[in-house]
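Listing of final.cif, mmCIF, C-alpha atoms
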```cif
data_model
loop_
_atom_site.group_PDB
_atom_site.id
_atom_site.type_symbol
_atom_site.label_atom_id
_atom_site.label_comp_id
_atom_site.auth_asym_id
_atom_site.auth_seq_id
_atom_site.Cartn_x
_atom_site.Cartn_y
_atom_site.Cartn_z
ATOM 1 C CA MET A 20 -43.729 -24.255 -7.303
ATOM 2 C CA ARG A 21 -41.118 -23.831 -9.987
ATOM 3 C CA SER A 22 -41.970 -25.532 -13.218
ATOM 4 C CA GLY A 23 -38.294 -26.255 -13.992
ATOM 5 C CA SER A 24 -34.682 -25.358 -13.188
ATOM 6 C CA ALA A 25 -33.321 -21.969 -14.217
ATOM 7 C CA PRO A 26 -31.437 -21.947 -17.541
ATOM 8 C CA ARG A 27 -27.634 -22.025 -17.308
ATOM 9 C CA PRO A 28 -25.806 -18.876 -18.310
ATOM 10 C CA PRO A 29 -23.752 -19.188 -21.513
ATOM 11 C CA ARG A 30 -20.107 -20.158 -21.038
ATOM 12 C CA ARG A 31 -17.589 -17.400 -21.266
ATOM 13 C CA ARG A 32 -15.112 -17.904 -24.093
ATOM 14 C CA LYS A 33 -12.890 -14.914 -23.330
ATOM 15 C CA PRO A 34 -10.310 -16.765 -21.127
ATOM 16 C CA LEU A 35 -9.868 -19.417 -23.812
ATOM 17 C CA PHE A 36 -9.442 -16.742 -26.462
ATOM 18 C CA LEU A 37 -6.806 -14.963 -24.346
ATOM 19 C CA THR A 38 -4.886 -18.195 -23.809
ATOM 20 C CA VAL A 39 -4.850 -18.926 -27.527
ATOM 21 C CA ALA A 40 -3.748 -15.361 -28.244
ATOM 22 C CA VAL A 41 -0.880 -15.527 -25.729
ATOM 23 C CA VAL A 42 0.331 -18.834 -27.164
ATOM 24 C CA ALA A 43 0.177 -17.396 -30.662
ATOM 25 C CA VAL A 44 2.249 -14.381 -29.616
ATOM 26 C CA ILE A 45 4.850 -16.614 -27.948
ATOM 27 C CA VAL A 46 5.093 -18.800 -31.047
ATOM 28 C CA ALA A 47 5.426 -15.741 -33.255
ATOM 29 C CA LEU A 48 8.169 -14.222 -31.079
ATOM 30 C CA THR A 49 10.035 -17.518 -31.000
ATOM 31 C CA ALA A 50 9.840 -17.762 -34.773
ATOM 32 C CA VAL A 51 11.146 -14.212 -35.094
ATOM 33 C CA ALA A 52 14.039 -14.971 -32.730
ATOM 34 C CA TRP A 53 14.832 -18.292 -34.428
ATOM 35 C CA PHE A 54 14.523 -17.470 -38.110
ATOM 36 C CA THR A 55 15.073 -13.735 -38.576
ATOM 37 C CA PRO A 56 18.141 -11.513 -38.073
ATOM 38 C CA LEU A 57 16.351 -9.207 -35.634
ATOM 39 C CA LEU A 58 17.900 -10.982 -32.625
ATOM 40 C CA SER A 59 21.087 -12.183 -34.250
ATOM 41 C CA ALA A 60 24.746 -12.204 -33.213
ATOM 42 C CA ARG A 61 26.177 -8.914 -34.427
ATOM 43 C CA ALA A 62 28.823 -8.375 -31.725
ATOM 44 C CA VAL A 63 31.073 -10.552 -29.545
ATOM 45 C CA THR A 64 32.678 -9.334 -26.322
ATOM 46 C CA VAL A 65 35.604 -11.217 -24.805
ATOM 47 C CA VAL A 66 36.666 -10.637 -21.190
ATOM 48 C CA GLY A 67 39.216 -12.234 -18.879
ATOM 49 C CA ASN A 68 41.890 -13.034 -21.462
ATOM 50 C CA ALA A 69 45.484 -11.853 -21.139
ATOM 51 C CA GLY A 70 47.782 -14.565 -22.505
ATOM 52 C CA VAL A 71 45.339 -15.593 -25.245
ATOM 53 C CA THR A 72 44.472 -13.051 -27.917
ATOM 54 C CA SER A 73 40.869 -12.119 -28.617
ATOM 55 C CA GLU A 74 41.461 -13.082 -32.256
ATOM 56 C CA GLU A 75 42.374 -16.647 -31.234
ATOM 57 C CA ILE A 76 39.301 -16.868 -29.032
ATOM 58 C CA LEU A 77 36.999 -15.558 -31.778
ATOM 59 C CA ALA A 78 38.425 -18.052 -34.243
ATOM 60 C CA ALA A 79 37.772 -20.937 -31.839
ATOM 61 C CA LEU A 80 34.317 -19.572 -30.929
ATOM 62 C CA ASP A 81 33.254 -19.873 -34.578
ATOM 63 C CA VAL A 82 29.895 -18.075 -34.280
ATOM 64 C CA PRO A 83 28.920 -16.576 -37.657
ATOM 65 C CA THR A 84 27.885 -12.927 -37.641
ATOM 66 C CA GLY A 85 24.153 -12.703 -38.221
ATOM 67 C CA GLN A 86 23.286 -16.102 -36.774
ATOM 68 C CA PRO A 87 20.137 -15.841 -34.617
ATOM 69 C CA LEU A 88 21.133 -15.936 -30.951
ATOM 70 C CA LEU A 89 18.709 -18.750 -30.146
ATOM 71 C CA ARG A 90 20.476 -20.934 -32.697
ATOM 72 C CA VAL A 91 23.930 -20.389 -31.168
ATOM 73 C CA ASP A 92 25.005 -23.549 -29.342
ATOM 74 C CA THR A 93 26.726 -21.857 -26.404
ATOM 75 C CA GLY A 94 27.885 -25.160 -24.899
ATOM 76 C CA ALA A 95 29.628 -26.279 -28.079
ATOM 77 C CA ALA A 96 31.118 -22.809 -28.552
ATOM 78 C CA ALA A 97 32.478 -22.872 -24.998
ATOM 79 C CA ASP A 98 34.004 -26.309 -25.605
ATOM 80 C CA ARG A 99 35.789 -25.010 -28.689
ATOM 81 C CA VAL A 100 37.287 -22.074 -26.792
ATOM 82 C CA ALA A 101 38.215 -24.346 -23.876
ATOM 83 C CA SER A 102 40.292 -26.441 -26.283
ATOM 84 C CA ILE A 103 42.848 -23.604 -26.361
ATOM 85 C CA ALA A 104 45.718 -24.827 -24.190
ATOM 86 C CA LYS A 105 45.987 -21.697 -22.053
ATOM 87 C CA VAL A 106 42.261 -21.593 -21.269
ATOM 88 C CA ASP A 107 41.206 -23.237 -18.011
ATOM 89 C CA HIS A 108 37.468 -22.756 -18.432
ATOM 90 C CA VAL A 109 35.102 -20.450 -20.277
ATOM 91 C CA ARG A 110 31.482 -19.316 -20.257
ATOM 92 C CA VAL A 111 29.597 -18.289 -23.403
ATOM 93 C CA GLU A 112 26.352 -16.356 -22.960
ATOM 94 C CA ARG A 113 23.697 -14.770 -25.152
ATOM 95 C CA LYS A 114 23.145 -11.090 -24.348
ATOM 96 C CA TYR A 115 20.046 -9.849 -26.114
ATOM 97 C CA PRO A 116 19.410 -8.266 -28.446
ATOM 98 C CA SER A 117 22.585 -8.987 -30.432
ATOM 99 C CA THR A 118 25.699 -9.879 -28.411
ATOM 100 C CA ILE A 119 27.632 -13.012 -27.504
ATOM 101 C CA ARG A 120 29.674 -12.607 -24.312
ATOM 102 C CA VAL A 121 32.701 -14.843 -23.748
ATOM 103 C CA THR A 122 34.185 -14.940 -20.244
ATOM 104 C CA VAL A 123 37.575 -16.637 -20.157
ATOM 105 C CA VAL A 124 39.544 -17.895 -17.162
ATOM 106 C CA GLU A 125 43.107 -18.649 -18.175
ATOM 107 C CA ARG A 126 45.434 -21.162 -16.614
ATOM 108 C CA THR A 127 47.969 -19.770 -14.164
ATOM 109 C CA PRO A 128 51.381 -21.408 -13.673
ATOM 110 C CA ALA A 129 51.998 -23.174 -10.373
ATOM 111 C CA VAL A 130 55.434 -24.524 -11.423
ATOM 112 C CA TYR A 131 57.648 -24.806 -14.441
ATOM 113 C CA TYR A 132 59.964 -27.578 -15.577
ATOM 114 C CA ASP A 133 62.752 -27.809 -18.112
ATOM 115 C CA ALA A 134 62.598 -30.143 -21.099
ATOM 116 C CA PRO A 135 64.641 -30.504 -24.289
ATOM 117 C CA GLU A 136 62.080 -28.515 -26.268
ATOM 118 C CA GLY A 137 61.987 -25.674 -23.732
ATOM 119 C CA THR A 138 60.556 -24.525 -20.422
ATOM 120 C CA HIS A 139 57.036 -25.808 -19.749
ATOM 121 C CA LEU A 140 54.483 -24.002 -17.615
ATOM 122 C CA MET A 141 52.235 -26.253 -15.512
ATOM 123 C CA ASP A 142 49.132 -25.270 -13.584
ATOM 124 C CA ALA A 143 48.090 -26.483 -10.130
ATOM 125 C CA SER A 144 46.142 -29.419 -11.589
ATOM 126 C CA GLY A 145 49.218 -30.721 -13.417
ATOM 127 C CA VAL A 146 48.345 -29.534 -16.919
ATOM 128 C CA ALA A 147 51.395 -28.448 -18.925
ATOM 129 C CA TYR A 148 49.912 -25.807 -21.185
ATOM 130 C CA ALA A 149 52.689 -23.615 -22.630
ATOM 131 C CA ILE A 150 56.355 -23.597 -23.567
ATOM 132 C CA GLU A 151 57.644 -20.173 -22.591
ATOM 133 C CA PRO A 152 59.733 -18.489 -19.876
ATOM 134 C CA PRO A 153 58.124 -18.647 -16.424
ATOM 135 C CA PRO A 154 56.822 -15.482 -14.758
ATOM 136 C CA PRO A 155 58.762 -14.228 -11.721
ATOM 137 C CA GLY A 156 58.034 -16.135 -8.534
ATOM 138 C CA VAL A 157 57.047 -19.446 -10.156
ATOM 139 C CA PRO A 158 59.115 -22.313 -8.688
ATOM 140 C CA ARG A 159 60.925 -24.988 -10.666
ATOM 141 C CA LEU A 160 59.552 -28.525 -10.538
ATOM 142 C CA THR A 161 62.161 -31.259 -10.465
ATOM 143 C CA VAL A 162 60.791 -34.778 -10.853
ATOM 144 C CA ALA A 163 61.757 -37.674 -13.091
ATOM 145 C CA THR A 164 58.748 -37.518 -15.427
ATOM 146 C CA PRO A 165 56.661 -34.370 -14.946
ATOM 147 C CA ALA A 166 53.089 -35.037 -16.064
ATOM 148 C CA ARG A 167 49.524 -34.733 -14.852
ATOM 149 C CA ASP A 168 49.258 -38.474 -14.157
ATOM 150 C CA ASP A 169 52.692 -38.724 -12.519
ATOM 151 C CA ALA A 170 52.464 -39.385 -8.769
ATOM 152 C CA ALA A 171 55.587 -37.387 -7.905
ATOM 153 C CA THR A 172 54.257 -34.393 -9.851
ATOM 154 C CA THR A 173 50.892 -34.618 -8.107
ATOM 155 C CA ASP A 174 52.466 -34.834 -4.641
ATOM 156 C CA ALA A 175 54.837 -31.940 -5.339
ATOM 157 C CA LEU A 176 51.919 -29.753 -6.421
ATOM 158 C CA THR A 177 49.891 -30.856 -3.403
ATOM 159 C CA THR A 178 52.776 -29.872 -1.132
ATOM 160 C CA LEU A 179 53.007 -26.410 -2.675
ATOM 161 C CA ALA A 180 49.267 -25.916 -2.264
ATOM 162 C CA SER A 181 49.464 -26.853 1.434
ATOM 163 C CA LEU A 182 52.155 -24.298 2.308
ATOM 164 C CA PRO A 183 51.351 -21.246 4.441
ATOM 165 C CA PRO A 184 50.614 -18.214 2.215
ATOM 166 C CA LEU A 185 53.678 -16.329 3.484
ATOM 167 C CA LEU A 186 56.015 -19.229 2.699
ATOM 168 C CA ARG A 187 54.790 -20.118 -0.762
ATOM 169 C CA PRO A 188 56.312 -17.091 -2.571
ATOM 170 C CA GLN A 189 59.713 -17.911 -1.051
ATOM 171 C CA VAL A 190 59.913 -21.322 -2.743
ATOM 172 C CA THR A 191 62.140 -21.372 -5.833
ATOM 173 C CA GLU A 192 62.178 -25.138 -6.394
ATOM 174 C CA VAL A 193 60.162 -28.171 -5.379
ATOM 175 C CA SER A 194 61.744 -31.545 -6.018
ATOM 176 C CA ALA A 195 60.530 -35.071 -5.454
ATOM 177 C CA PRO A 196 63.205 -37.720 -6.035
ATOM 178 C CA SER A 197 60.665 -40.108 -4.515
ATOM 179 C CA LEU A 198 57.170 -39.900 -3.026
ATOM 180 C CA SER A 199 58.657 -39.925 0.467
ATOM 181 C CA ASP A 200 61.331 -37.314 -0.243
ATOM 182 C CA ILE A 201 59.740 -34.020 -1.278
ATOM 183 C CA ARG A 202 62.072 -31.054 -0.808
ATOM 184 C CA LEU A 203 61.603 -27.302 -1.039
ATOM 185 C CA THR A 204 64.385 -24.837 -1.809
ATOM 186 C CA LEU A 205 63.832 -21.257 -0.653
ATOM 187 C CA ALA A 206 65.063 -18.064 -2.268
ATOM 188 C CA ASP A 207 67.779 -17.628 0.386
ATOM 189 C CA GLY A 208 69.150 -21.131 -0.236
ATOM 190 C CA ARG A 209 67.622 -22.849 2.788
ATOM 191 C CA GLN A 210 65.973 -26.232 2.325
ATOM 192 C CA VAL A 211 62.810 -27.685 3.780
ATOM 193 C CA LEU A 212 62.654 -31.486 3.884
ATOM 194 C CA TRP A 213 58.947 -32.175 3.630
ATOM 195 C CA GLY A 214 58.995 -35.940 3.268
ATOM 196 C CA SER A 215 55.723 -37.319 1.888
ATOM 197 C CA VAL A 216 52.395 -35.527 1.546
ATOM 198 C CA ASP A 217 51.145 -37.302 4.668
ATOM 199 C CA GLU A 218 50.379 -34.983 7.589
ATOM 200 C CA SER A 219 50.873 -31.923 5.364
ATOM 201 C CA GLU A 220 48.478 -29.873 7.460
ATOM 202 C CA GLN A 221 50.546 -30.492 10.592
ATOM 203 C CA LYS A 222 53.784 -29.810 8.699
ATOM 204 C CA ALA A 223 52.413 -26.533 7.360
ATOM 205 C CA ALA A 224 51.528 -25.465 10.903
ATOM 206 C CA ILE A 225 55.064 -25.970 12.264
ATOM 207 C CA VAL A 226 57.268 -25.008 9.330
ATOM 208 C CA GLY A 227 56.766 -21.259 9.749
ATOM 209 C CA PRO A 228 57.951 -21.059 13.369
ATOM 210 C CA LEU A 229 60.726 -23.565 12.601
ATOM 211 C CA LEU A 230 62.115 -21.311 9.869
ATOM 212 C CA GLY A 231 62.562 -18.602 12.480
ATOM 213 C CA GLN A 232 65.440 -20.590 13.936
ATOM 214 C CA PRO A 233 69.017 -20.393 12.606
ATOM 215 C CA GLY A 234 69.978 -23.159 10.224
ATOM 216 C CA GLN A 235 70.076 -24.268 6.604
ATOM 217 C CA VAL A 236 68.074 -27.503 6.545
ATOM 218 C CA PHE A 237 64.640 -27.701 8.182
ATOM 219 C CA ASP A 238 63.269 -31.211 8.412
ATOM 220 C CA VAL A 239 59.517 -31.527 8.988
ATOM 221 C CA SER A 240 59.191 -34.975 7.443
ATOM 222 C CA SER A 241 58.338 -36.270 10.945
ATOM 223 C CA PRO A 242 56.246 -33.335 12.229
ATOM 224 C CA ASP A 243 56.244 -34.625 15.796
ATOM 225 C CA LEU A 244 60.065 -34.460 15.823
ATOM 226 C CA PRO A 245 61.152 -31.584 13.529
ATOM 227 C CA THR A 246 64.847 -30.848 13.310
ATOM 228 C CA VAL A 247 67.096 -27.990 12.192
ATOM 229 C CA ARG A 248 70.713 -28.222 11.151
#
```

Target encoding structure tokens, full file:
Amino acid sequence: MRSGSAPRPPRRRKPLFLTVAVVAVIVALTAVAWFTPLLSARAVTVVGNAGVTSEEILAALDVPTGQPLLRVDTGAAADRVASIAKVDHVRVERKYPSTIRVTVVERTPAVYYDAPEGTHLMDASGVAYAIEPPPPGVPRLTVATPARDDAATTDALTTLASLPPLLRPQVTEVSAPSLSDIRLTLADGRQVLWGSVDESEQKAAIVGPLLGQPGQVFDVSSPDLPTVR
């Protein structure tokens, strides 16, 4: 018979020591990245900009040279760059060991409209973001009060977006005297009477073949009964 149970082997402390060591290393590396200039912003790269200068973007970015990358608030920096009127959206990233990368997507004009202070460029979402001459191929918008929250502006832009890709570059003017009377003028002088934005998908499907017929005015406002005259 055994006089007693066998003694337990001593506990191993090595795994606990390794865990503590790993945590200590992580804390030390974080402290180095947070407080020292070893992983700091020493260069900024800007990509995607054409109408906005890199100098304007860097000024809005406002990231001091030498600031540790971990302490750069990339969200706030992106918001500052996005406040530039011509910028649609932007991404700011840390690229270790020492670079901030700014990727800019600029607004592109969908239409332009004339105002006393000059020609305004407007993007597809209705944001008027610049006063300058329109690029070739951008149609004129003619509505009573062009603005992002104006219903006629919104419907005119929606109509342009619904057009077949081959027809869209031919449009030189989109006008909306009323929400039920949207009209397109083509480069050759022909007119398309679109009506309202209702049934735009059906209208877009028939307008191409209809334009193959002789005539000057192509009425698809009632897509079940299109007419040419």

Distance in Å - CA of Leu229 (chain A) versus CA of Val211 (chain A): 10.0 Å

Result set of the PyMOL selection byres ((chain A and resi 131-138) around 12) on the coordinates above, as a ChimeraX atom specification: /A:127-130,139-143,145-166,172,175-176,191-194

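All protein and nucleic acid residues in the vicinity of (51.5, -32.5, 4.7), that is within 9 Å when counting all atoms listed in the file, are Thr177, Thr178, Ser181, Leu182, Trp213, Gly214, Ser215, Val216, Asp217, Glu218, Ser219, Glu220, Gln221, Lys222, Ala223, Ser240 and Pro242 of chain A.
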
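The space separating CA of Lys105 (chain A) from CA of Leu77 (chain A) comes to 14.6 Å.
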
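For the pair CA of Ser117 (chain A) and CA of Ser102 (chain A), the separation is 25.2 Å.
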
Hits of the PyMOL selection byres ((chain A and resi 101) around 12) in this structure, as a PyMOL selection string: chain A and resi 71+75-77+79-80+94-100+102-111+121-126

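Non-sequential neighbours of Gly234 (chain A) (distance at most 8 Å, separation of 4 or more positions within a chain, all atoms listed in the file) are Arg209, Val247 and Arg248 of chain A.
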
Could you add all heavy atoms to region 233-244 of chain A and give me the result as a PDB file, in the coordinates of the input?
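What ended up in part_36.pdb:
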```pdb
ATOM      1  N   PRO A 233      67.851 -20.375  13.482  1.00  0.00           N
ATOM      2  CA  PRO A 233      69.017 -20.393  12.606  1.00  0.00           C
ATOM      3  C   PRO A 233      69.268 -21.802  12.076  1.00  0.00           C
ATOM      4  O   PRO A 233      69.093 -22.786  12.784  1.00  0.00           O
ATOM      5  CB  PRO A 233      70.158 -19.922  13.509  1.00  0.00           C
ATOM      6  CG  PRO A 233      69.675 -20.198  14.904  1.00  0.00           C
ATOM      7  CD  PRO A 233      68.199 -20.045  14.882  1.00  0.00           C
ATOM      8  N   GLY A 234      69.689 -21.866  10.827  1.00  0.00           N
ATOM      9  CA  GLY A 234      69.978 -23.159  10.224  1.00  0.00           C
ATOM     10  C   GLY A 234      69.835 -23.099   8.724  1.00  0.00           C
ATOM     11  O   GLY A 234      69.414 -22.085   8.150  1.00  0.00           O
ATOM     12  N   GLN A 235      70.156 -24.190   8.059  1.00  0.00           N
ATOM     13  CA  GLN A 235      70.076 -24.268   6.604  1.00  0.00           C
ATOM     14  C   GLN A 235      69.116 -25.355   6.122  1.00  0.00           C
ATOM     15  O   GLN A 235      68.565 -25.248   5.038  1.00  0.00           O
ATOM     16  CB  GLN A 235      71.465 -24.532   6.016  1.00  0.00           C
ATOM     17  CG  GLN A 235      72.383 -23.324   6.041  1.00  0.00           C
ATOM     18  CD  GLN A 235      71.841 -22.173   5.204  1.00  0.00           C
ATOM     19  OE1 GLN A 235      71.468 -22.346   4.046  1.00  0.00           O
ATOM     20  NE2 GLN A 235      71.793 -20.990   5.799  1.00  0.00           N
ATOM     21  N   VAL A 236      68.942 -26.400   6.935  1.00  0.00           N
ATOM     22  CA  VAL A 236      68.074 -27.503   6.545  1.00  0.00           C
ATOM     23  C   VAL A 236      67.025 -27.692   7.641  1.00  0.00           C
ATOM     24  O   VAL A 236      67.362 -27.905   8.810  1.00  0.00           O
ATOM     25  CB  VAL A 236      68.871 -28.817   6.346  1.00  0.00           C
ATOM     26  CG1 VAL A 236      67.929 -29.958   5.969  1.00  0.00           C
ATOM     27  CG2 VAL A 236      69.942 -28.635   5.264  1.00  0.00           C
ATOM     28  N   PHE A 237      65.752 -27.634   7.237  1.00  0.00           N
ATOM     29  CA  PHE A 237      64.640 -27.701   8.182  1.00  0.00           C
ATOM     30  C   PHE A 237      63.815 -28.931   7.833  1.00  0.00           C
ATOM     31  O   PHE A 237      63.181 -28.987   6.769  1.00  0.00           O
ATOM     32  CB  PHE A 237      63.805 -26.421   8.111  1.00  0.00           C
ATOM     33  CG  PHE A 237      64.602 -25.185   8.426  1.00  0.00           C
ATOM     34  CD1 PHE A 237      65.419 -24.609   7.459  1.00  0.00           C
ATOM     35  CD2 PHE A 237      64.557 -24.613   9.694  1.00  0.00           C
ATOM     36  CE1 PHE A 237      66.168 -23.479   7.749  1.00  0.00           C
ATOM     37  CE2 PHE A 237      65.307 -23.491   9.990  1.00  0.00           C
ATOM     38  CZ  PHE A 237      66.115 -22.917   9.016  1.00  0.00           C
ATOM     39  N   ASP A 238      63.859 -29.903   8.702  1.00  0.00           N
ATOM     40  CA  ASP A 238      63.269 -31.211   8.412  1.00  0.00           C
ATOM     41  C   ASP A 238      61.947 -31.344   9.159  1.00  0.00           C
ATOM     42  O   ASP A 238      61.906 -31.439  10.387  1.00  0.00           O
ATOM     43  CB  ASP A 238      64.239 -32.320   8.849  1.00  0.00           C
ATOM     44  CG  ASP A 238      63.806 -33.692   8.376  1.00  0.00           C
ATOM     45  OD1 ASP A 238      62.616 -33.861   8.022  1.00  0.00           O
ATOM     46  OD2 ASP A 238      64.659 -34.603   8.351  1.00  0.00           O
ATOM     47  N   VAL A 239      60.842 -31.329   8.391  1.00  0.00           N
ATOM     48  CA  VAL A 239      59.517 -31.527   8.988  1.00  0.00           C
ATOM     49  C   VAL A 239      58.899 -32.829   8.505  1.00  0.00           C
ATOM     50  O   VAL A 239      57.695 -33.040   8.621  1.00  0.00           O
ATOM     51  CB  VAL A 239      58.580 -30.339   8.676  1.00  0.00           C
ATOM     52  CG1 VAL A 239      59.095 -29.049   9.301  1.00  0.00           C
ATOM     53  CG2 VAL A 239      58.397 -30.165   7.157  1.00  0.00           C
ATOM     54  N   SER A 240      59.717 -33.717   7.966  1.00  0.00           N
ATOM     55  CA  SER A 240      59.191 -34.975   7.443  1.00  0.00           C
ATOM     56  C   SER A 240      58.524 -35.811   8.534  1.00  0.00           C
ATOM     57  O   SER A 240      57.592 -36.568   8.256  1.00  0.00           O
ATOM     58  CB  SER A 240      60.299 -35.786   6.765  1.00  0.00           C
ATOM     59  OG  SER A 240      61.373 -36.034   7.671  1.00  0.00           O
ATOM     60  N   SER A 241      59.012 -35.678   9.768  1.00  0.00           N
ATOM     61  CA  SER A 241      58.338 -36.270  10.945  1.00  0.00           C
ATOM     62  C   SER A 241      57.877 -35.088  11.795  1.00  0.00           C
ATOM     63  O   SER A 241      58.647 -34.574  12.628  1.00  0.00           O
ATOM     64  CB  SER A 241      59.282 -37.165  11.730  1.00  0.00           C
ATOM     65  OG  SER A 241      59.702 -38.255  10.943  1.00  0.00           O
ATOM     66  N   PRO A 242      56.654 -34.590  11.596  1.00  0.00           N
ATOM     67  CA  PRO A 242      56.246 -33.335  12.229  1.00  0.00           C
ATOM     68  C   PRO A 242      56.239 -33.368  13.749  1.00  0.00           C
ATOM     69  O   PRO A 242      56.294 -32.320  14.394  1.00  0.00           O
ATOM     70  CB  PRO A 242      54.852 -33.090  11.670  1.00  0.00           C
ATOM     71  CG  PRO A 242      54.392 -34.430  11.176  1.00  0.00           C
ATOM     72  CD  PRO A 242      55.608 -35.159  10.742  1.00  0.00           C
ATOM     73  N   ASP A 243      56.186 -34.542  14.339  1.00  0.00           N
ATOM     74  CA  ASP A 243      56.244 -34.625  15.796  1.00  0.00           C
ATOM     75  C   ASP A 243      57.656 -34.423  16.314  1.00  0.00           C
ATOM     76  O   ASP A 243      57.857 -34.095  17.501  1.00  0.00           O
ATOM     77  CB  ASP A 243      55.728 -35.980  16.286  1.00  0.00           C
ATOM     78  CG  ASP A 243      54.221 -36.147  16.025  1.00  0.00           C
ATOM     79  OD1 ASP A 243      53.511 -35.120  16.033  1.00  0.00           O
ATOM     80  OD2 ASP A 243      53.787 -37.284  15.773  1.00  0.00           O
ATOM     81  N   LEU A 244      58.660 -34.620  15.424  1.00  0.00           N
ATOM     82  CA  LEU A 244      60.065 -34.460  15.823  1.00  0.00           C
ATOM     83  C   LEU A 244      60.807 -33.653  14.752  1.00  0.00           C
ATOM     84  O   LEU A 244      61.729 -34.160  14.094  1.00  0.00           O
ATOM     85  CB  LEU A 244      60.719 -35.835  16.011  1.00  0.00           C
ATOM     86  CG  LEU A 244      60.187 -36.718  17.155  1.00  0.00           C
ATOM     87  CD1 LEU A 244      60.754 -38.119  17.036  1.00  0.00           C
ATOM     88  CD2 LEU A 244      60.550 -36.082  18.500  1.00  0.00           C
TER      89      LEU A 244
END
```
